[in-house]
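The file start_29.tsv comes next; it holds TSV, C-alpha atoms and all ligand atoms.
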```tsv
chain	number	residue	atom	x	y	z
D	13	MET	CA	102.91	107.19	54.67
D	14	THR	CA	104.93	110.03	56.20
D	15	LEU	CA	107.57	109.21	58.78
D	16	ASP	CA	105.49	110.97	61.40
D	17	ALA	CA	102.44	108.81	60.64
D	18	GLN	CA	104.54	105.64	60.68
D	19	ILE	CA	105.90	106.53	64.10
D	20	ARG	CA	102.45	107.24	65.45
D	21	GLN	CA	101.20	103.97	64.07
D	22	ALA	CA	104.09	102.09	65.70
D	23	LEU	CA	103.41	103.77	69.04
D	24	LYS	CA	99.72	102.91	68.80
D	25	MET	CA	100.75	99.25	68.67
D	26	VAL	CA	102.40	99.47	72.12
D	27	LYS	CA	100.17	98.77	75.10
D	28	ASP	CA	100.40	100.75	78.31
D	29	PRO	CA	100.91	97.99	80.92
D	30	PHE	CA	99.07	100.10	83.51
D	31	THR	CA	95.83	100.76	81.63
D	32	GLN	CA	95.95	98.25	78.76
D	33	LYS	CA	95.23	101.10	76.31
D	34	ASP	CA	97.75	102.05	73.64
D	35	ILE	CA	100.45	104.34	75.01
D	36	LEU	CA	99.34	107.41	73.04
D	37	SER	CA	95.70	107.21	74.17
D	38	SER	CA	96.55	106.38	77.78
D	39	GLY	CA	98.64	109.53	78.18
D	40	ILE	CA	101.74	107.71	79.42
D	41	ALA	CA	103.67	108.73	76.27
D	42	GLN	CA	103.77	112.48	75.88
D	43	GLY	CA	105.39	115.25	73.87
D	44	LEU	CA	106.18	113.22	70.74
D	45	LYS	CA	108.43	115.24	68.48
D	46	VAL	CA	109.84	114.05	65.19
D	47	VAL	CA	112.64	116.18	63.83
D	48	GLU	CA	113.23	116.26	60.07
D	49	ASN	CA	116.51	114.41	60.05
D	50	GLY	CA	114.88	111.32	61.62
D	51	LYS	CA	115.37	112.14	65.28
D	52	ILE	CA	112.55	111.25	67.67
D	53	PHE	CA	111.91	112.71	71.12
D	54	LEU	CA	109.37	111.25	73.51
D	55	VAL	CA	108.58	111.50	77.24
D	56	LEU	CA	107.30	108.48	79.19
D	57	GLU	CA	105.73	109.33	82.51
D	58	VAL	CA	105.31	106.49	84.96
D	59	ASP	CA	104.75	106.30	88.68
D	60	THR	CA	108.00	106.26	90.68
D	61	MET	CA	106.97	102.92	92.11
D	62	TYR	CA	106.93	101.37	88.67
D	63	LEU	CA	110.19	102.62	87.22
D	64	GLN	CA	111.25	99.04	86.53
D	65	LYS	CA	108.22	98.42	84.31
D	66	GLY	CA	108.79	101.83	82.77
D	67	LYS	CA	112.36	100.87	81.82
D	68	GLU	CA	111.13	97.70	80.12
D	69	LEU	CA	108.53	99.72	78.25
D	70	LYS	CA	111.13	102.29	77.20
D	71	ASP	CA	113.40	99.56	75.80
D	72	SER	CA	110.61	97.95	73.82
D	73	ILE	CA	109.47	101.28	72.34
D	74	GLU	CA	113.03	102.15	71.41
D	75	ALA	CA	113.52	98.83	69.61
D	76	ARG	CA	110.24	99.24	67.75
D	77	LEU	CA	110.97	102.80	66.60
D	78	LYS	CA	114.52	101.98	65.51
D	79	GLY	CA	113.05	99.35	63.18
D	80	ILE	CA	111.33	102.05	61.11
D	81	ASP	CA	113.09	103.13	57.92
D	82	GLY	CA	114.24	106.72	58.18
D	83	VAL	CA	114.54	106.79	61.98
D	84	ARG	CA	118.07	107.76	62.92
D	85	GLU	CA	117.93	108.44	66.63
D	86	VAL	CA	115.42	107.72	69.42
D	87	ASN	CA	115.47	109.79	72.62
D	88	ILE	CA	113.03	108.63	75.26
D	89	ALA	CA	113.03	110.38	78.64
D	90	LEU	CA	111.59	108.34	81.47
D	91	THR	CA	110.13	110.62	84.10
D	92	ALA	CA	108.60	109.67	87.41
D	93	SER	CA	105.50	111.00	89.04
D	94	ARG	CA	104.51	109.65	92.40
D	95	LYS	CA	101.03	111.04	92.85
D	96	PRO	CA	98.31	108.41	92.85
D	97	GLN	CA	96.03	109.08	89.92
D	98	ALA	CA	92.26	108.87	90.21
D	99	GLN	CA	90.81	106.49	87.62
D	100	ASN	CA	87.23	107.63	87.99
D	101	SER	CA	85.30	110.44	89.65
D	102	ASN	CA	84.32	108.23	92.61
D	103	GLN	CA	87.92	107.90	93.69
D	104	LYS	CA	88.33	110.74	96.12
D	105	PRO	CA	90.52	111.10	99.14
D	106	LEU	CA	88.55	110.54	102.36
D	107	PRO	CA	87.70	113.94	103.84
D	108	HIS	CA	90.13	114.93	106.64
D	109	VAL	CA	92.32	111.86	106.03
D	110	LYS	CA	95.77	112.71	104.66
D	111	HIS	CA	96.76	109.21	103.53
D	112	CYS	CA	94.80	106.00	103.05
D	113	VAL	CA	97.26	103.11	102.87
D	114	ALA	CA	96.17	99.54	102.11
D	115	ILE	CA	98.01	96.62	103.68
D	116	ALA	CA	97.64	93.63	101.41
D	117	SER	CA	98.88	90.08	100.99
D	118	GLY	CA	98.38	87.38	98.43
D	119	LYS	CA	97.41	84.80	101.00
D	120	GLY	CA	96.08	84.63	104.54
D	121	GLY	CA	98.08	83.94	107.67
D	122	VAL	CA	101.19	85.82	106.60
D	123	GLY	CA	100.77	88.35	109.41
D	124	LYS	CA	99.11	91.20	107.57
D	125	SER	CA	96.86	92.16	110.47
D	126	THR	CA	99.71	91.84	112.94
D	127	VAL	CA	101.91	94.11	110.83
D	128	THR	CA	99.04	96.61	110.38
D	129	VAL	CA	98.42	96.93	114.11
D	130	ASN	CA	102.08	97.25	115.06
D	131	LEU	CA	102.71	99.75	112.28
D	132	ALA	CA	99.68	101.74	113.43
D	133	CYS	CA	100.99	101.81	117.01
D	134	ALA	CA	104.44	102.90	115.84
D	135	LEU	CA	102.93	105.73	113.79
D	136	GLN	CA	100.69	106.76	116.68
D	137	GLN	CA	103.67	106.91	119.03
D	138	LYS	CA	105.33	109.33	116.63
D	139	GLY	CA	102.47	111.70	117.43
D	140	LEU	CA	100.38	111.06	114.32
D	141	ALA	CA	96.59	110.61	114.26
D	142	ILE	CA	95.96	107.06	113.10
D	143	GLY	CA	92.97	104.94	112.16
D	144	ILE	CA	92.67	101.29	111.14
D	145	LEU	CA	89.89	99.94	108.97
D	146	ASP	CA	89.57	96.16	109.17
D	147	ALA	CA	88.44	95.43	105.62
D	148	ASP	CA	88.47	91.67	106.25
D	149	VAL	CA	84.71	91.44	106.70
D	150	TYR	CA	84.83	87.63	106.59
D	151	GLY	CA	87.57	87.20	109.16
D	152	PRO	CA	87.90	90.37	111.19
D	153	SER	CA	90.82	90.33	113.61
D	154	LEU	CA	91.05	93.85	115.04
D	155	PRO	CA	88.98	93.19	118.19
D	156	ARG	CA	91.41	90.40	119.16
D	157	LEU	CA	94.57	92.28	118.22
D	158	LEU	CA	93.53	95.47	120.01
D	159	GLY	CA	91.98	93.55	122.92
D	160	THR	CA	88.66	95.33	122.76
D	161	SER	CA	85.08	94.21	122.31
D	162	GLN	CA	83.33	97.56	122.55
D	163	LYS	CA	80.39	98.18	120.25
D	164	PRO	CA	80.43	101.24	118.00
D	165	THR	CA	77.79	103.85	118.82
D	166	SER	CA	76.12	106.45	116.66
D	167	GLU	CA	75.28	109.90	117.90
D	168	ASP	CA	73.44	111.15	114.84
D	169	GLY	CA	72.04	107.86	113.51
D	170	LYS	CA	74.05	108.32	110.30
D	171	THR	CA	77.68	107.93	111.21
D	172	MET	CA	79.40	105.53	113.59
D	173	SER	CA	81.97	106.51	116.16
D	174	PRO	CA	85.15	104.48	115.76
D	175	ILE	CA	86.42	102.39	118.67
D	176	ILE	CA	89.49	103.95	120.26
D	177	ALA	CA	92.19	101.65	121.68
D	178	TYR	CA	95.86	102.54	122.30
D	179	GLY	CA	95.04	105.99	120.92
D	180	ILE	CA	94.08	104.49	117.55
D	181	LYS	CA	90.66	104.85	115.97
D	182	SER	CA	89.40	101.62	114.48
D	183	MET	CA	86.42	100.05	112.79
D	184	SER	CA	85.81	96.37	112.17
D	185	MET	CA	82.91	94.04	111.44
D	186	GLY	CA	84.16	92.18	114.49
D	187	TYR	CA	82.84	95.01	116.69
D	188	MET	CA	79.35	94.46	115.37
D	189	LEU	CA	79.16	90.66	115.24
D	190	LYS	CA	78.99	88.39	118.27
D	191	GLU	CA	82.35	86.76	118.90
D	192	GLY	CA	82.68	83.52	116.98
D	193	ALA	CA	79.58	84.25	114.87
D	194	PRO	CA	80.35	83.61	111.21
D	195	ALA	CA	79.92	86.51	108.82
D	196	ILE	CA	77.68	85.02	106.16
D	197	TRP	CA	77.91	87.67	103.49
D	198	ARG	CA	77.39	87.36	99.85
D	199	GLY	CA	79.60	89.50	97.60
D	200	PRO	CA	77.53	92.69	97.32
D	201	MET	CA	76.68	92.69	101.03
D	202	ALA	CA	80.32	92.39	101.99
D	203	GLN	CA	81.20	95.29	99.70
D	204	GLN	CA	78.38	97.39	101.13
D	205	ALA	CA	79.53	96.66	104.67
D	206	LEU	CA	83.03	97.78	103.73
D	207	GLN	CA	81.79	100.97	102.04
D	208	GLN	CA	79.75	101.83	105.13
D	209	MET	CA	82.64	101.27	107.49
D	210	LEU	CA	84.87	103.38	105.24
D	211	HIS	CA	82.55	106.29	104.50
D	212	GLN	CA	80.20	106.33	107.49
D	213	THR	CA	82.72	106.11	110.27
D	214	ASN	CA	83.40	109.37	111.95
D	215	TRP	CA	87.18	109.20	111.46
D	216	GLY	CA	87.79	112.89	112.16
D	217	GLU	CA	91.21	114.26	111.25
D	218	LEU	CA	93.69	111.48	110.49
D	219	ASP	CA	97.25	111.47	109.22
D	220	PHE	CA	96.97	107.83	108.16
D	221	LEU	CA	94.12	105.41	107.74
D	222	LEU	CA	95.61	101.93	107.43
D	223	ILE	CA	93.29	99.52	105.66
D	224	ASP	CA	93.85	95.86	106.58
D	225	LEU	CA	92.65	94.06	103.45
D	226	PRO	CA	91.42	90.48	103.28
D	227	PRO	CA	93.91	88.10	101.64
D	228	GLY	CA	93.90	87.72	97.87
D	229	THR	CA	92.74	89.93	95.07
D	230	GLY	CA	88.94	89.74	95.12
D	231	ASP	CA	86.00	92.08	94.67
D	232	ILE	CA	86.53	93.76	98.02
D	233	HIS	CA	89.93	94.97	96.87
D	234	LEU	CA	88.66	96.32	93.61
D	235	SER	CA	85.62	97.96	95.16
D	236	LEU	CA	87.85	99.63	97.72
D	237	ALA	CA	90.45	100.80	95.19
D	238	GLN	CA	87.67	102.20	93.02
D	239	SER	CA	85.85	104.08	95.74
D	240	VAL	CA	88.66	105.86	97.54
D	241	LEU	CA	91.93	107.38	96.41
D	242	LEU	CA	94.63	105.30	98.09
D	243	SER	CA	98.03	106.90	98.61
D	244	GLY	CA	99.54	103.47	98.21
D	245	ALA	CA	99.64	99.85	99.21
D	246	ILE	CA	102.11	97.77	101.20
D	247	ILE	CA	102.36	94.08	100.38
D	248	VAL	CA	103.18	91.67	103.19
D	249	SER	CA	104.66	88.29	102.34
D	250	THR	CA	106.49	85.47	104.04
D	251	PRO	CA	109.69	84.33	102.35
D	252	GLN	CA	108.36	81.03	100.95
D	253	ASP	CA	107.92	80.80	97.19
D	254	LEU	CA	104.21	80.11	97.38
D	255	ALA	CA	103.45	83.22	99.39
D	256	LEU	CA	105.60	85.20	96.97
D	257	ILE	CA	103.68	84.01	93.93
D	258	ASP	CA	100.49	85.23	95.58
D	259	ALA	CA	102.13	88.51	96.54
D	260	ARG	CA	103.04	89.03	92.89
D	261	ARG	CA	99.37	88.64	91.97
D	262	GLY	CA	98.51	91.31	94.51
D	263	LEU	CA	101.09	93.58	92.96
D	264	ASP	CA	99.61	93.15	89.50
D	265	MET	CA	96.15	93.98	90.80
D	266	PHE	CA	97.31	97.29	92.29
D	267	LEU	CA	99.14	98.04	89.07
D	268	LYS	CA	95.93	97.66	87.10
D	269	VAL	CA	93.99	100.01	89.37
D	270	LYS	CA	96.95	102.42	89.42
D	271	VAL	CA	97.54	102.32	93.15
D	272	PRO	CA	101.25	102.89	93.83
D	273	VAL	CA	102.77	99.95	95.66
D	274	LEU	CA	105.01	101.56	98.27
D	275	GLY	CA	107.01	98.42	98.93
D	276	LEU	CA	107.11	94.93	100.36
D	277	VAL	CA	107.39	93.73	103.95
D	278	GLU	CA	108.88	90.32	104.69
D	279	ASN	CA	107.19	88.88	107.77
D	280	MET	CA	108.32	85.73	109.58
D	281	SER	CA	111.55	86.48	107.80
D	282	TYR	CA	113.72	84.43	110.20
D	283	PHE	CA	113.18	82.78	113.58
D	284	MET	CA	114.31	84.50	116.76
D	285	CYS	CA	114.63	82.00	119.61
D	286	PRO	CA	113.00	83.36	122.78
D	287	HIS	CA	115.42	81.32	124.94
D	288	CYS	CA	118.84	82.01	123.48
D	289	SER	CA	117.97	84.94	121.17
D	290	GLY	CA	119.72	83.03	118.38
D	291	ARG	CA	118.61	83.55	114.83
D	292	SER	CA	117.58	80.64	112.56
D	293	ASP	CA	116.76	81.11	108.91
D	294	ILE	CA	113.99	78.50	108.79
D	295	PHE	CA	112.57	79.62	105.50
D	296	ASP	CA	114.60	80.93	102.64
D	297	THR	CA	115.18	84.31	104.21
D	298	GLY	CA	115.71	86.99	101.60
D	299	GLY	CA	113.07	85.68	99.18
D	300	VAL	CA	111.10	88.88	99.46
D	301	ARG	CA	114.25	91.01	99.17
D	302	ALA	CA	115.18	89.24	95.94
D	303	GLU	CA	111.64	89.63	94.63
D	304	ALA	CA	111.60	93.31	95.57
D	305	GLU	CA	114.84	93.85	93.67
D	306	LYS	CA	113.52	92.00	90.65
D	307	ILE	CA	110.42	94.14	90.37
D	308	GLY	CA	112.15	97.35	91.38
D	309	LEU	CA	110.28	98.00	94.62
D	310	PRO	CA	111.73	98.84	98.03
D	311	LEU	CA	111.82	96.24	100.80
D	312	LEU	CA	110.39	98.22	103.69
D	313	ALA	CA	111.08	95.82	106.58
D	314	GLU	CA	112.12	92.29	107.54
D	315	ILE	CA	110.21	91.19	110.64
D	316	PRO	CA	111.29	87.99	112.40
D	317	LEU	CA	109.08	85.15	113.56
D	318	HIS	CA	109.01	85.63	117.31
D	319	MET	CA	106.94	84.13	120.12
D	320	ASP	CA	106.44	87.57	121.66
D	321	ILE	CA	104.76	88.87	118.51
D	322	ARG	CA	102.20	86.07	118.52
D	323	GLU	CA	101.66	86.23	122.29
D	324	ALA	CA	101.21	89.98	122.21
D	325	SER	CA	98.60	89.60	119.48
D	326	GLU	CA	96.77	86.90	121.39
D	327	LYS	CA	96.69	88.99	124.57
D	328	GLY	CA	95.39	92.02	122.72
D	329	THR	CA	98.42	94.14	123.63
D	330	PRO	CA	100.37	95.09	120.51
D	331	LEU	CA	104.07	94.25	120.87
D	332	ILE	CA	105.09	97.89	120.68
D	333	HIS	CA	103.16	98.53	123.89
D	334	ARG	CA	104.06	95.28	125.59
D	335	ASN	CA	107.74	95.35	124.85
D	336	PRO	CA	108.65	98.72	123.32
D	337	ASP	CA	112.42	98.25	123.44
D	338	SER	CA	112.53	94.82	121.79
D	339	PRO	CA	114.36	94.55	118.45
D	340	GLU	CA	111.03	93.61	116.83
D	341	SER	CA	109.37	96.81	118.08
D	342	LEU	CA	112.31	98.81	116.74
D	343	ILE	CA	111.83	97.19	113.33
D	344	CYS	CA	108.18	98.30	113.35
D	345	ASN	CA	109.28	101.80	114.34
D	346	GLN	CA	111.65	101.88	111.41
D	347	LEU	CA	108.89	100.70	109.11
D	348	ALA	CA	106.76	103.61	110.35
D	349	SER	CA	109.58	106.09	109.61
D	350	VAL	CA	110.10	104.67	106.13
D	351	LEU	CA	106.37	104.96	105.38
D	352	ILE	CA	106.27	108.57	106.58
D	353	ASN	CA	109.28	109.46	104.42
D	354	THR	CA	107.92	107.64	101.37
D	355	LEU	CA	104.63	109.51	101.51
D	356	ALA	CA	106.15	112.85	102.46
D	357	SER	CA	107.25	113.27	98.87
D	358	GLN	CA	103.78	112.64	97.38
D	401	LIG	N1	106.28	87.92	113.03
D	401	LIG	C1	105.50	87.06	113.67
D	401	LIG	N2	105.99	86.27	114.65
D	401	LIG	C2	105.19	85.37	115.30
D	401	LIG	N3	103.90	85.19	115.03
D	401	LIG	C3	103.36	85.97	114.05
D	401	LIG	C4	104.11	86.95	113.33
D	401	LIG	N4	103.29	87.56	112.45
D	401	LIG	C5	102.08	87.00	112.62
D	401	LIG	N5	102.11	86.04	113.57
D	401	LIG	C6	100.99	85.17	114.00
D	401	LIG	O1	100.54	84.48	112.84
D	401	LIG	C7	99.12	84.37	112.85
D	401	LIG	C8	98.55	85.01	111.58
D	401	LIG	O2	98.77	86.41	111.63
D	401	LIG	P1	97.69	87.47	111.09
D	401	LIG	O3	98.27	88.82	111.35
D	401	LIG	O4	96.34	87.19	111.64
D	401	LIG	O5	97.76	87.12	109.53
D	401	LIG	P2	96.85	87.64	108.30
D	401	LIG	O6	96.20	88.90	108.72
D	401	LIG	O7	97.82	87.81	107.19
D	401	LIG	O8	95.88	86.55	108.04
D	401	LIG	C9	98.66	85.02	114.14
D	401	LIG	O9	98.51	84.02	115.12
D	401	LIG	C10	99.81	85.95	114.50
D	401	LIG	O10	99.89	86.15	115.90
D	402	MG	MG	94.13	89.33	108.88
```
How does the structure come out when it is put into structure tokens?
Ligand SMILES: Nc1ncnc2c1ncn2[C@@H]1O[C@H](COP(=O)(O)OP(=O)(O)O)[C@@H](O)[C@H]1O
Ligand SMILES: [Mg+2]
Amino acid sequence: MTLDAQIRQALKMVKDPFTQKDILSSGIAQGLKVVENGKIFLVLEVDTMYLQKGKELKDSIEARLKGIDGVREVNIALTASRKPQAQNSNQKPLPHVKHCVAIASGKGGVGKSTVTVNLACALQQKGLAIGILDADVYGPSLPRLLGTSQKPTSEDGKTMSPIIAYGIKSMSMGYMLKEGAPAIWRGPMAQQALQQMLHQTNWGELDFLLIDLPPGTGDIHLSLAQSVLLSGAIIVSTPQDLALIDARRGLDMFLKVKVPVLGLVENMSYFMCPHCSGRSDIFDTGGVRAEAEKIGLPLLAEIPLHMDIREASEKGTPLIHRNPDSPESLICNQLASVLINTLASQ
């Protein structure tokens, strides 16, 4: 076998961690050049968000190629692209929506909906046009968090008008169900409900549509990621180990569907006492930071556990409106700025 054929064969044995195909067929390895004196040149193109995985892949390819007789030098250039890549023809950006961003978490109760609403308010206050889609069809929480129980109307019988609260357009199953009524959906119905809310809501022009996902990594997540081109996902976790393990699962799911994970948010990071304003690290603060470093993703924000955040949610007045100058509101404002900057380069 020629050296060239041996190299190709070796590369065919390496799996692309993003698509599970071999790296030559998946397109991640490009521009293979084998020079006569045994020098190899190769370009590996991975999403900026996954440079860490890319580095591991580069090392393993290098080791494999160096094991071939006749190979004298291996030059692999790791390049980063940040654009989300459509996997199938159904994955299109939503018309008139610049960025769809999913907010995800491995498990429930970590504050994903709370973070979504406060982030949305912070973005809106920066003058951007914002929408929120409550994709948690089983446990919608937007009506409570935004303090509204209006019912969506339809002018043309085909599309629904979103509910507008605090200058934010929103859609949730909670607007359509009676309060406290359980949503008894079976899988396909839940997915259909989500697709309708996504595609048949009259969102108009939006800078960001934040999608508050249900916890976990189920069918809803896949059906969403396959039907719309997401600019990225943010994973919310609390610092405890268990929440982190679930967050990691969420990360792997987005990896498989090639949605860039923009970063992690640590919620309930530390406790801020409402009486003395003292800080207590109840949980192992920094767990998410350490995890973010390990997987090579940015930590976008550390939000404390604070009475005001819960009370604001309960009263239906997002913290940013209730107490705009509080340190917690400023953290949400920073998160909004980081998100804008991250996506500006897409
Ligand atoms: N940083 C925080 N400080 C205090 N309470 C919080 C914080 N984040 C969320 N909560 C409260 O925790 C509960 C769960 O939050 P929620 O946003 O509904 O979680 P999820 O959407 O992940 O299930 C709510 O009662 C919410 O008010
Ligand atoms: Mg929720």
Size and centre in Å, one decimal, axis-aligned box, all listed stretch 204-217 of chain D atoms plus 4 Å per side, as lines of an AutoDock Vina configuration file:
```
center_x = 84.8
center_y = 105.5
center_z = 106.6
size_x = 20.8
size_y = 25.6
size_z = 19.0
```
TODO: Could you give me the residues within 10 Å of ligand MG 402 (chain D), counting all atoms listed in the file, as number ranges by chain?
DONE: D: 115-117, 119-128, 146-154, 157, 224-227
For those residues, write C-alpha atoms to a file as a compact mmCIF listing (two decimals), in the coordinates of the input.
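Written out: result06.txt:
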```txt
# COMPACT_ATOMS: atom_id res chain seq x y z
CA ILE D 115 98.01 96.62 103.68
CA ALA D 116 97.64 93.63 101.41
CA SER D 117 98.88 90.08 100.99
CA LYS D 119 97.41 84.80 101.00
CA GLY D 120 96.08 84.63 104.54
CA GLY D 121 98.08 83.94 107.67
CA VAL D 122 101.19 85.82 106.60
CA GLY D 123 100.77 88.35 109.41
CA LYS D 124 99.11 91.20 107.57
CA SER D 125 96.86 92.16 110.47
CA THR D 126 99.71 91.84 112.94
CA VAL D 127 101.91 94.11 110.83
CA THR D 128 99.04 96.61 110.38
CA ASP D 146 89.57 96.16 109.17
CA ALA D 147 88.44 95.43 105.62
CA ASP D 148 88.47 91.67 106.25
CA VAL D 149 84.71 91.44 106.70
CA TYR D 150 84.83 87.63 106.59
CA GLY D 151 87.57 87.20 109.16
CA PRO D 152 87.90 90.37 111.19
CA SER D 153 90.82 90.33 113.61
CA LEU D 154 91.05 93.85 115.04
CA LEU D 157 94.57 92.28 118.22
CA ASP D 224 93.85 95.86 106.58
CA LEU D 225 92.65 94.06 103.45
CA PRO D 226 91.42 90.48 103.28
CA PRO D 227 93.91 88.10 101.64
```
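Closest to ligand LIG 401 (chain D) among D:Thr171, D:Gln203, D:Asn130, D:Gln212 is D:Asn130, based on only C-alpha atoms and all ligand atoms.
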Task: Distance query D:Leu36 at most 8 Å, all atoms listed in the file, self and fewer than 4 positions along chain excluded, as a count of residues only - done: 5
Task: Separation of atom CA of D:Gly244 from atom CA of D:Lys138, in Å and rounded to one decimal - done: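 Taking atom CA of D:Gly244 as the start and atom CA of D:Lys138 as the end point, the length is 20.2 Å.
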Open item on the list: One number please: atom CA of D:Ile232 to atom CA of D:Ser184, in Å, one decimal.
Closed with: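 Interatomic distance, atom CA of D:Ile232 to atom CA of D:Ser184: 14.4 Å.
If you measure from each of D:Met284, D:Ile35, D:Ile73, D:Leu189 to ligand LIG 401 (chain D) using all atoms listed in the file, the closest one turns out to be D:Met284.
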- [ ] Could you tell me which of D:Pro316, D:Gly66, D:Pro107, D:Gly118 comes closest to D:Phe220 if we count only C-alpha atoms?
- [x] D:Pro107
- [ ] For each of D:Leu263, D:Ile80, D:Cys288, D:Leu206, take the minimum atom-to-atom distance to D:Met13, counting all atoms listed in the file, then give the residue where this is smallest.
- [x]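 Using all atoms listed in the file, the shortest distance to D:Met13 belongs to D:Ile80.
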Task: Interatomic distance, atom CA of D:Thr250 to atom CA of D:Asp293 (Å, one decimal) - done: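 Taking atom CA of D:Thr250 and atom CA of D:Asp293, their separation equals 12.2 Å.
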Open item on the list: Excluding D:Gly328 and its own-chain neighbours fewer than 6 positions away, which residues fall within 12 Å of it when counting only C-alpha atoms? Please give them as number ranges by chain.
Closed with: D: 126, 129-130, 153-161, 177-178, 320-322, 334
TODO: Find, counting all atoms listed in the file, the residue in D:Ile19, D:Leu210, D:Leu135, D:Ile315 that gets nearest to D:Lys78.
DONE: D:Ile19
TODO: Name the closest residue to D:Met188 among the candidates D:Val86, D:Pro174, D:Gly298, D:Pro164; distances are taken between atoms, counting all atoms listed in the file.
DONE: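 Using all atoms listed in the file, the shortest distance to D:Met188 belongs to D:Pro164.
Omitting D:Val109 and its sequence neighbours fewer than 3 positions away, and counting all atoms listed in the file, the residues within 12 Å are D:Lys104, D:Pro105, D:Leu106, D:Cys112, D:Val113, D:Leu140, D:Ala141, D:Ile142, D:Gly143, D:Ile144, D:Leu210, D:His211, D:Thr213, D:Asn214, D:Trp215, D:Gly216, D:Glu217, D:Leu218, D:Asp219, D:Phe220, D:Leu221, D:Leu222, D:Val240, D:Leu241, D:Leu242, D:Ser243.
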Next, dump the selected residues to file, keeping only C-alpha atoms, as an mmCIF file, in the frame of the given file.
```cif
data_model
loop_
_atom_site.group_PDB
_atom_site.id
_atom_site.type_symbol
_atom_site.label_atom_id
_atom_site.label_comp_id
_atom_site.auth_asym_id
_atom_site.auth_seq_id
_atom_site.Cartn_x
_atom_site.Cartn_y
_atom_site.Cartn_z
ATOM 1 C CA LYS D 104 88.330 110.740 96.120
ATOM 2 C CA PRO D 105 90.520 111.100 99.140
ATOM 3 C CA LEU D 106 88.550 110.540 102.360
ATOM 4 C CA CYS D 112 94.800 106.000 103.050
ATOM 5 C CA VAL D 113 97.260 103.110 102.870
ATOM 6 C CA LEU D 140 100.380 111.060 114.320
ATOM 7 C CA ALA D 141 96.590 110.610 114.260
ATOM 8 C CA ILE D 142 95.960 107.060 113.100
ATOM 9 C CA GLY D 143 92.970 104.940 112.160
ATOM 10 C CA ILE D 144 92.670 101.290 111.140
ATOM 11 C CA LEU D 210 84.870 103.380 105.240
ATOM 12 C CA HIS D 211 82.550 106.290 104.500
ATOM 13 C CA THR D 213 82.720 106.110 110.270
ATOM 14 C CA ASN D 214 83.400 109.370 111.950
ATOM 15 C CA TRP D 215 87.180 109.200 111.460
ATOM 16 C CA GLY D 216 87.790 112.890 112.160
ATOM 17 C CA GLU D 217 91.210 114.260 111.250
ATOM 18 C CA LEU D 218 93.690 111.480 110.490
ATOM 19 C CA ASP D 219 97.250 111.470 109.220
ATOM 20 C CA PHE D 220 96.970 107.830 108.160
ATOM 21 C CA LEU D 221 94.120 105.410 107.740
ATOM 22 C CA LEU D 222 95.610 101.930 107.430
ATOM 23 C CA VAL D 240 88.660 105.860 97.540
ATOM 24 C CA LEU D 241 91.930 107.380 96.410
ATOM 25 C CA LEU D 242 94.630 105.300 98.090
ATOM 26 C CA SER D 243 98.030 106.900 98.610
#
```
- [ ] Using only C-alpha atoms, collect all residues at a distance of at most 12 Å from (112.7, 82.7, 110.1) as written in the file, then present them as a VMD selection string.
- [x] chain D and resid 250 to 252 278 to 285 290 to 299 314 to 319
